[in-house]
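First the structure, in the form of structure tokens, and then the observations on it.
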Number of protein chains: 2
Amino acid sequence: MPYNELRKDYLLDRWVVIATERSRRPTDFAKPKTSAASNCVCPLCVGNENMTPPATLLYLKKGERIVRSQDPQVGDRPKNWFIRCVPNLYPAFKPPKEPTDREKIFFSDNFGSAIGHHEVIVETPNHDESPADAPLSQLELLINAYLSRLKELSVKSYVKHVSIFRNHGIEAGASLSHAHSQIIATPMIPTTVQEELAASKTFHVANGKCVFCDILEQEKRGPRVVLENRHFFVFAPYASINPMELWILPKRHSANLSLKPAEKTAFALTLKTCLKALKELLNDPPYNYGFHVALDSLNSESYHWHLEVYPKLATWAGFEKSTGVFINTVTPETAAESLREHIRS
Amino acid sequence: MPYNELRKDYLLDRWVVIATERSRRPTDFAKPKTSAASNCVCPLCVGNENMTPPATLLYLKKGERIVRSQDPQVGDRPKNWFIRCVPNLYPAFKPPKEPTDREKIFFSDNFGSAIGHHEVIVETPNHDESPADAPLSQLELLINAYLSRLKELSVKSYVKHVSIFRNHGIEAGASLSHAHSQIIATPMIPTTVQEELAASKTFHVANGKCVFCDILEQEKRGPRVVLENRHFFVFAPYASINPMELWILPKRHSANLSLKPAEKTAFALTLKTCLKALKELLNDPPYNYGFHVALDSLNSESYHWHLEVYPKLATWAGFEKSTGVFINTVTPETAAESLREHIRS
């Protein structure tokens with residue numbers, strides 16, 4: 001192949017240059033070791049519960065059991081928690097003070113109020129315990145928290161979409177170093193989500209099947225497989241815009257995030273395996289992950305939830321920002337191979 | 001305003017949360033001073049011309065005159081240059097080895113060869129002389145180089161778009177510290193460009209005028225003005241996705257980059273004034289800028305070239321990457337006010 005490859009996303013009208021001509025080995029991106037020590041007080045650590053608003057969801061130790069609770073509005077807050085969801089102190093979106101309708105949120109075509117929710121999910125009492133290192137039991141609790149907050153937020157009348165995501169490392173935008181995820185509920189369907197929903201609907205109308213089920217069948221036979229188990233399929237997508245990008249796709253079709261007990265256990269293991277491989281291969285790189293879900297039952301046949309993991313190993317610069325075309329110096333095939341081999345070894 | 005504002009772009013279906021609730025003062029972003037000293041040899045400095053391919057365009061000193069030339073393919077390369085354009089050593093897009101047609105570039109709907117051009121424009125012999133500091137005469141030469149390379153590349157049969165951009169600072173993706181711009185010619189119209197062209201065409205059909213001429217009229221009366229002179233209008237766009245973002249819009253309608261002599265002088269001064277204000281206000285922040293142009297005469301009435309400048313002061317994280325919705329903690333009104341006041345003082 002004398003030229004770099006131009007590849008288009010499965011769904012989006014988004015192109016990437018797979019720069020095979022200046023291709024890099026995944027390990028070229030391994031982060032230099034740094035010894036970061038901060039003396040700041042962590043507002044998410046045990047003992048500092050009063051530095052954040054009352055929790056909307058708590059998983060507490062009660063003897064040998066784990067129970068669900070909320071923080072009291074006043075008074076002492078429990079310290080025996082496993083998981084703690086709290087409103088973001090500086091929310092991008094915040095709840096309405098009174099019941100509201102769409103006209104009161106969007107005042108015009110190009111202006112509205114950022115009504116919604118913005119929460120922080122403290123994943124563990126242990127400051128540095130990211131999903132790559134967490135016990136599977138703790139990850140299952142985290143997944144329960146995702147499911148629980150998603151369910152509660154998505155039924156609110158003014159909420160049209162819920163985004164669950166995780167920023168790992170300061171270079172990936174994590175402003176707090178304590179292991180945490182975030183959840184943002186918005187009063188509109190965001191642009192990228194809307195584009196994915198529309199494109200998968202178009203595919204479904206044309207082909208009578210879900211595009212993600214189709215991607216799974218196609219990719220299973222190819223060179224971009226990272227791992228496969230009974231419930232999940234992990235691969236480096238064909239037109240990855242990030243070096244070492246990977247997607248975790250459930251085998252059971254469901255438009256919204258939905259996990260039966262065995263699937264939950266499998267998802268915890270799959271997530272941990274992937275993030276641990278990235279951590280070990282690239283010396284704990286910064287990354288973002290985000291759940292892609294459809295809340296509206298109109299999309300139940302055409303959409304298929306999944307998790308996209310974006311290692312932050314490159315900088316989008318003037319070309320990417322001006323054109324919406326990306327340059328990726330690690331081929332998805334190389335990314336998949338290195339992850340696959342690491343996981344198998 | 002009890003809530004953060006949701007704002008949609010003038011053209012794109014792209015929303016931003018203007019996070020007034022956690023708003024930051026522009027000077028909060030001032031970069032800490034660092035004393036970076038590198039011992040590497042700079043391949044773009046005078047004397048190292050043989051470290052790069054032969055130049056496609058040279059502005060040379062000949063006594064008191066400046067003449068246009070190209071590097072010889074072999075032998076000594078001149079060292080008395082003001083501006084030097086060279087093919088990128090690791091091009092994302094590269095020229096075809098033989099004349100080619102569209103079918104030979106795009107083999108399918110989602111795959112093609114990255115045919116095109118990728119050049120580096122060395123802006124000055126002086127390693128650190130960025131446009132904020134360069135003499136106006138040197139900036140006019142740089143603008144001449146932009147115009148000249150744009151013209152030469154855009155007439156090639158396999159080129160559908162030309163992107164001219166500048167990355168300043170390592171955090172904004174500049175892998176070389178010597179002052180340079182880049183130019184990439186692509187075999188397709190990139191996604192964002194296509195969306196802008198389509199939206200401005202739609203506006204033109206509906207309203208019988210250019211949307212950018214309309215934006216200019218609207219914004220001239222408002223709080224987002226940065227500066228205005230006889231030929232250019234600079235403002236912080238309504239739905240800026242970057243803190244301190246600014247756009248330089250020519251008053252004379254033209255879809256493709258086009259500058260009469262007086263406009264060229266005015267553009268050099270306008271560009272320098274804006275970048276100098278950013279540099280002084282924010283202690284030489286990293287930034288990207290990119291020219292937005294339409295090459296095809298089909299867009300000559302509806303599109304309007306301009307330059308977009310994006311200071312790199314925030315990190316796009318899981319939310320932005322998953323949803324395409326952005327969070328900006330500096331209101332465009334505050335950004336414009338601080339730039340305006342700095343420029344006036």
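The way I read the labels, and the way they are meant: chains A, B, ... in the order of the structure tokens, residue 1 as the first residue of every chain, and ligand 1 as the first ligand shown, with later ones counted on from there.
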
All alpha helix (DSSP H) residues (DSSP, backbone) inside stretch 262-336 of chain B, as an MDAnalysis selection string: chainID B and resid 262:282 318:323 332:336

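By chain and then residue number, the residues within 10 Å of B:Lys104 are Pro99, Gly112, Ser113, Ile115 and Tyr158 of chain B, counting only C-alpha atoms and disregarding those fewer than 5 positions away in sequence.
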
Spatial neighbours of B:Arg340, max dist 9 Å, only C-alpha atoms, sep filter under 5 positions, as a PyMOL selection string: chain B and resi 225-227+277+335+345

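Residues in contact with B:Ile184 at up to 8 Å, not including ones fewer than 4 positions away on its chain and judged by only C-alpha atoms, are Phe319 of chain A; Phe93, Gly116, His117, His118, Glu119, Val162, Ser163 and Ile164 of chain B.
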
Just C-alpha atoms for this one: save the residues we selected as a JSON list (two decimals), in the first residue's frame.
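Done, and the output landed in selection04.json:
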[["chain", "number", "residue", "atom", "x", "y", "z"],
["A", 319, "PHE", "CA", -6.06, 20.21, 10.88],
["B", 93, "PHE", "CA", -1.40, 12.95, 2.39],
["B", 116, "GLY", "CA", -2.93, 14.93, -1.76],
["B", 117, "HIS", "CA", -0.24, 17.18, -0.35],
["B", 118, "HIS", "CA", 1.14, 17.97, 3.06],
["B", 119, "GLU", "CA", 3.60, 20.84, 3.29],
["B", 162, "VAL", "CA", -6.96, 22.76, 0.93],
["B", 163, "SER", "CA", -6.54, 23.37, 4.65],
["B", 164, "ILE", "CA", -4.01, 25.95, 5.87]]

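Among the candidate residues A:Asn256, A:Ser157, A:Thr329, A:Ser300, the one lying nearest to chain B is A:Thr329, with distances computed using only C-alpha atoms.
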
Would you list the contacts of A:Lys31 as an NGL selection string, taking every protein, DNA or RNA residue within 9 Å and counting only C-alpha atoms, but skipping same-chain residues closer than 6 positions in sequence? :A and (282-286 or 313)

May I have the residues within 12 Å of A:Gln138 as a count of residues only, using only C-alpha atoms and disregarding those fewer than 5 positions away in the same chain? 23

Excluding B:Gly169 and any residue of its chain fewer than 2 positions from it, enumerate the residues within 8 Å of it, using only C-alpha atoms, and give them as a VMD selection string. chain B and resid 167 171 to 174 177 285 to 287

Taking C-alpha atoms for each residue, export the selection above as a JSON list (two decimals), in the first residue's frame.
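Output contents, as saved in again.json:
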[["chain", "number", "residue", "atom", "x", "y", "z"],
["B", 167, "ASN", "CA", -0.20, 24.86, 15.58],
["B", 171, "GLU", "CA", 0.17, 21.39, 23.92],
["B", 172, "ALA", "CA", -1.53, 22.47, 20.68],
["B", 173, "GLY", "CA", 0.19, 19.73, 18.70],
["B", 174, "ALA", "CA", 3.26, 21.56, 17.35],
["B", 177, "SER", "CA", 9.14, 24.52, 17.84],
["B", 285, "PRO", "CA", -0.72, 30.23, 25.24],
["B", 286, "PRO", "CA", -0.76, 27.27, 22.87],
["B", 287, "TYR", "CA", -3.25, 27.75, 20.03]]

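Minimum atom-to-atom distance to chain A, evaluated using only C-alpha atoms, belongs to B:Ala185 out of B:Leu339, B:Cys85, B:Ala185, B:Leu281.
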
Tell me, which residues of stretch 88-262 of chain A carry DSSP strand (DSSP E), written as a PDB file with N, CA and C atoms, in the first residue's frame?
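Result went into out05.pdb, see below:
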ATOM      1  N   PHE A 106     -35.658  25.540  25.841  1.00  0.00           N
ATOM      2  CA  PHE A 106     -35.138  26.070  24.575  1.00  0.00           C
ATOM      3  C   PHE A 106     -35.935  27.297  24.168  1.00  0.00           C
ATOM      4  N   PHE A 107     -35.319  28.439  24.357  1.00  0.00           N
ATOM      5  CA  PHE A 107     -36.023  29.686  24.099  1.00  0.00           C
ATOM      6  C   PHE A 107     -35.997  30.037  22.621  1.00  0.00           C
ATOM      7  N   SER A 108     -35.041  29.489  21.895  1.00  0.00           N
ATOM      8  CA  SER A 108     -34.957  29.750  20.456  1.00  0.00           C
ATOM      9  C   SER A 108     -34.181  28.608  19.825  1.00  0.00           C
ATOM     10  N   PHE A 111     -30.507  28.841  21.346  1.00  0.00           N
ATOM     11  CA  PHE A 111     -30.274  29.241  22.724  1.00  0.00           C
ATOM     12  C   PHE A 111     -31.190  28.479  23.673  1.00  0.00           C
ATOM     13  N   GLY A 112     -30.635  28.043  24.777  1.00  0.00           N
ATOM     14  CA  GLY A 112     -31.448  27.365  25.773  1.00  0.00           C
ATOM     15  C   GLY A 112     -30.803  27.445  27.138  1.00  0.00           C
ATOM     16  N   SER A 113     -31.470  26.859  28.128  1.00  0.00           N
ATOM     17  CA  SER A 113     -30.916  26.771  29.479  1.00  0.00           C
ATOM     18  C   SER A 113     -30.325  25.380  29.664  1.00  0.00           C
ATOM     19  N   HIS A 117     -28.686  17.276  34.706  1.00  0.00           N
ATOM     20  CA  HIS A 117     -27.971  16.813  35.898  1.00  0.00           C
ATOM     21  C   HIS A 117     -26.509  16.596  35.562  1.00  0.00           C
ATOM     22  N   HIS A 118     -25.685  16.741  36.556  1.00  0.00           N
ATOM     23  CA  HIS A 118     -24.255  16.508  36.392  1.00  0.00           C
ATOM     24  C   HIS A 118     -23.736  15.938  37.710  1.00  0.00           C
ATOM     25  N   GLU A 119     -23.464  14.649  37.714  1.00  0.00           N
ATOM     26  CA  GLU A 119     -23.061  13.983  38.947  1.00  0.00           C
ATOM     27  C   GLU A 119     -21.678  13.357  38.825  1.00  0.00           C
ATOM     28  N   VAL A 120     -21.045  13.217  39.968  1.00  0.00           N
ATOM     29  CA  VAL A 120     -19.761  12.533  40.064  1.00  0.00           C
ATOM     30  C   VAL A 120     -20.006  11.197  40.764  1.00  0.00           C
ATOM     31  N   ILE A 121     -19.516  10.122  40.173  1.00  0.00           N
ATOM     32  CA  ILE A 121     -19.639   8.809  40.809  1.00  0.00           C
ATOM     33  C   ILE A 121     -18.269   8.450  41.383  1.00  0.00           C
ATOM     34  N   VAL A 122     -18.157   8.501  42.708  1.00  0.00           N
ATOM     35  CA  VAL A 122     -16.897   8.134  43.351  1.00  0.00           C
ATOM     36  C   VAL A 122     -16.848   6.610  43.350  1.00  0.00           C
ATOM     37  N   HIS A 161     -31.244  12.864  27.087  1.00  0.00           N
ATOM     38  CA  HIS A 161     -30.121  11.943  26.930  1.00  0.00           C
ATOM     39  C   HIS A 161     -29.304  11.907  28.219  1.00  0.00           C
ATOM     40  N   VAL A 162     -28.658  10.767  28.439  1.00  0.00           N
ATOM     41  CA  VAL A 162     -27.782  10.625  29.602  1.00  0.00           C
ATOM     42  C   VAL A 162     -26.440  10.096  29.114  1.00  0.00           C
ATOM     43  N   SER A 163     -25.379  10.807  29.478  1.00  0.00           N
ATOM     44  CA  SER A 163     -24.030  10.414  29.085  1.00  0.00           C
ATOM     45  C   SER A 163     -23.251   9.988  30.326  1.00  0.00           C
ATOM     46  N   ILE A 164     -22.739   8.761  30.315  1.00  0.00           N
ATOM     47  CA  ILE A 164     -21.913   8.266  31.418  1.00  0.00           C
ATOM     48  C   ILE A 164     -20.496   8.141  30.881  1.00  0.00           C
ATOM     49  N   PHE A 165     -19.551   8.757  31.562  1.00  0.00           N
ATOM     50  CA  PHE A 165     -18.192   8.745  31.035  1.00  0.00           C
ATOM     51  C   PHE A 165     -17.171   8.780  32.159  1.00  0.00           C
ATOM     52  N   ARG A 166     -15.924   8.500  31.776  1.00  0.00           N
ATOM     53  CA  ARG A 166     -14.829   8.468  32.742  1.00  0.00           C
ATOM     54  C   ARG A 166     -13.619   9.138  32.120  1.00  0.00           C
ATOM     55  N   ASN A 167     -12.994  10.053  32.833  1.00  0.00           N
ATOM     56  CA  ASN A 167     -11.745  10.681  32.407  1.00  0.00           C
ATOM     57  C   ASN A 167     -10.640  10.187  33.323  1.00  0.00           C
ATOM     58  N   HIS A 168      -9.592   9.635  32.744  1.00  0.00           N
ATOM     59  CA  HIS A 168      -8.495   9.074  33.547  1.00  0.00           C
ATOM     60  C   HIS A 168      -7.214   9.837  33.243  1.00  0.00           C
ATOM     61  N   HIS A 180     -12.959   8.287  39.701  1.00  0.00           N
ATOM     62  CA  HIS A 180     -14.362   8.693  39.591  1.00  0.00           C
ATOM     63  C   HIS A 180     -14.834   8.663  38.147  1.00  0.00           C
ATOM     64  N   SER A 181     -16.146   8.475  37.985  1.00  0.00           N
ATOM     65  CA  SER A 181     -16.803   8.620  36.696  1.00  0.00           C
ATOM     66  C   SER A 181     -17.739   9.830  36.798  1.00  0.00           C
ATOM     67  N   GLN A 182     -18.339  10.201  35.676  1.00  0.00           N
ATOM     68  CA  GLN A 182     -19.306  11.287  35.698  1.00  0.00           C
ATOM     69  C   GLN A 182     -20.531  10.890  34.899  1.00  0.00           C
ATOM     70  N   ILE A 183     -21.629  11.545  35.224  1.00  0.00           N
ATOM     71  CA  ILE A 183     -22.866  11.300  34.490  1.00  0.00           C
ATOM     72  C   ILE A 183     -23.510  12.658  34.240  1.00  0.00           C
ATOM     73  N   ILE A 184     -23.852  12.903  32.972  1.00  0.00           N
ATOM     74  CA  ILE A 184     -24.481  14.177  32.603  1.00  0.00           C
ATOM     75  C   ILE A 184     -25.780  13.868  31.868  1.00  0.00           C
ATOM     76  N   ALA A 185     -26.876  14.446  32.373  1.00  0.00           N
ATOM     77  CA  ALA A 185     -28.180  14.315  31.723  1.00  0.00           C
ATOM     78  C   ALA A 185     -28.492  15.640  31.042  1.00  0.00           C
ATOM     79  N   THR A 186     -28.834  15.585  29.746  1.00  0.00           N
ATOM     80  CA  THR A 186     -29.025  16.814  28.957  1.00  0.00           C
ATOM     81  C   THR A 186     -30.474  16.951  28.479  1.00  0.00           C
ATOM     82  N   VAL A 225      -9.916  -7.907  16.178  1.00  0.00           N
ATOM     83  CA  VAL A 225     -10.455  -8.481  17.419  1.00  0.00           C
ATOM     84  C   VAL A 225      -9.466  -8.260  18.564  1.00  0.00           C
ATOM     85  N   VAL A 226      -9.986  -7.796  19.696  1.00  0.00           N
ATOM     86  CA  VAL A 226      -9.157  -7.701  20.902  1.00  0.00           C
ATOM     87  C   VAL A 226      -9.462  -8.881  21.824  1.00  0.00           C
ATOM     88  N   LEU A 227     -10.719  -9.090  22.128  1.00  0.00           N
ATOM     89  CA  LEU A 227     -11.087 -10.274  22.900  1.00  0.00           C
ATOM     90  C   LEU A 227     -12.564 -10.569  22.705  1.00  0.00           C
ATOM     91  N   GLU A 228     -12.930 -11.795  22.996  1.00  0.00           N
ATOM     92  CA  GLU A 228     -14.326 -12.189  22.886  1.00  0.00           C
ATOM     93  C   GLU A 228     -14.624 -13.155  24.016  1.00  0.00           C
ATOM     94  N   PHE A 232     -19.555 -10.571  25.568  1.00  0.00           N
ATOM     95  CA  PHE A 232     -19.025  -9.328  24.987  1.00  0.00           C
ATOM     96  C   PHE A 232     -18.002  -9.585  23.882  1.00  0.00           C
ATOM     97  N   PHE A 233     -17.921  -8.573  23.008  1.00  0.00           N
ATOM     98  CA  PHE A 233     -16.950  -8.597  21.924  1.00  0.00           C
ATOM     99  C   PHE A 233     -16.199  -7.270  21.973  1.00  0.00           C
ATOM    100  N   VAL A 234     -14.877  -7.330  22.008  1.00  0.00           N
ATOM    101  CA  VAL A 234     -14.056  -6.114  22.073  1.00  0.00           C
ATOM    102  C   VAL A 234     -13.186  -6.045  20.823  1.00  0.00           C
ATOM    103  N   PHE A 235     -13.155  -4.872  20.200  1.00  0.00           N
ATOM    104  CA  PHE A 235     -12.367  -4.735  18.977  1.00  0.00           C
ATOM    105  C   PHE A 235     -11.864  -3.307  18.817  1.00  0.00           C
ATOM    106  N   LEU A 246     -10.564   1.338  21.532  1.00  0.00           N
ATOM    107  CA  LEU A 246     -11.280   0.059  21.521  1.00  0.00           C
ATOM    108  C   LEU A 246     -12.729   0.250  21.927  1.00  0.00           C
ATOM    109  N   TRP A 247     -13.589  -0.626  21.384  1.00  0.00           N
ATOM    110  CA  TRP A 247     -15.020  -0.606  21.698  1.00  0.00           C
ATOM    111  C   TRP A 247     -15.412  -1.935  22.340  1.00  0.00           C
ATOM    112  N   ILE A 248     -16.225  -1.839  23.372  1.00  0.00           N
ATOM    113  CA  ILE A 248     -16.771  -3.038  24.015  1.00  0.00           C
ATOM    114  C   ILE A 248     -18.249  -3.128  23.627  1.00  0.00           C
ATOM    115  N   LEU A 249     -18.582  -4.192  22.912  1.00  0.00           N
ATOM    116  CA  LEU A 249     -19.933  -4.338  22.355  1.00  0.00           C
ATOM    117  C   LEU A 249     -20.607  -5.561  22.989  1.00  0.00           C
ATOM    118  N   PRO A 250     -21.809  -5.389  23.549  1.00  0.00           N
ATOM    119  CA  PRO A 250     -22.507  -6.555  24.097  1.00  0.00           C
ATOM    120  C   PRO A 250     -23.047  -7.427  22.964  1.00  0.00           C
TER     121      PRO A 250
END

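Between chain A and the residues B:Glu301, B:Asp28, B:Asp9, B:Glu219, the shortest atom-to-atom distance, using only C-alpha atoms, involves B:Asp9.
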
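Nearest to chain B of all the residues A:Gln70, A:Thr191, A:Thr273, A:Asn207 is A:Thr191, based on only C-alpha atoms.
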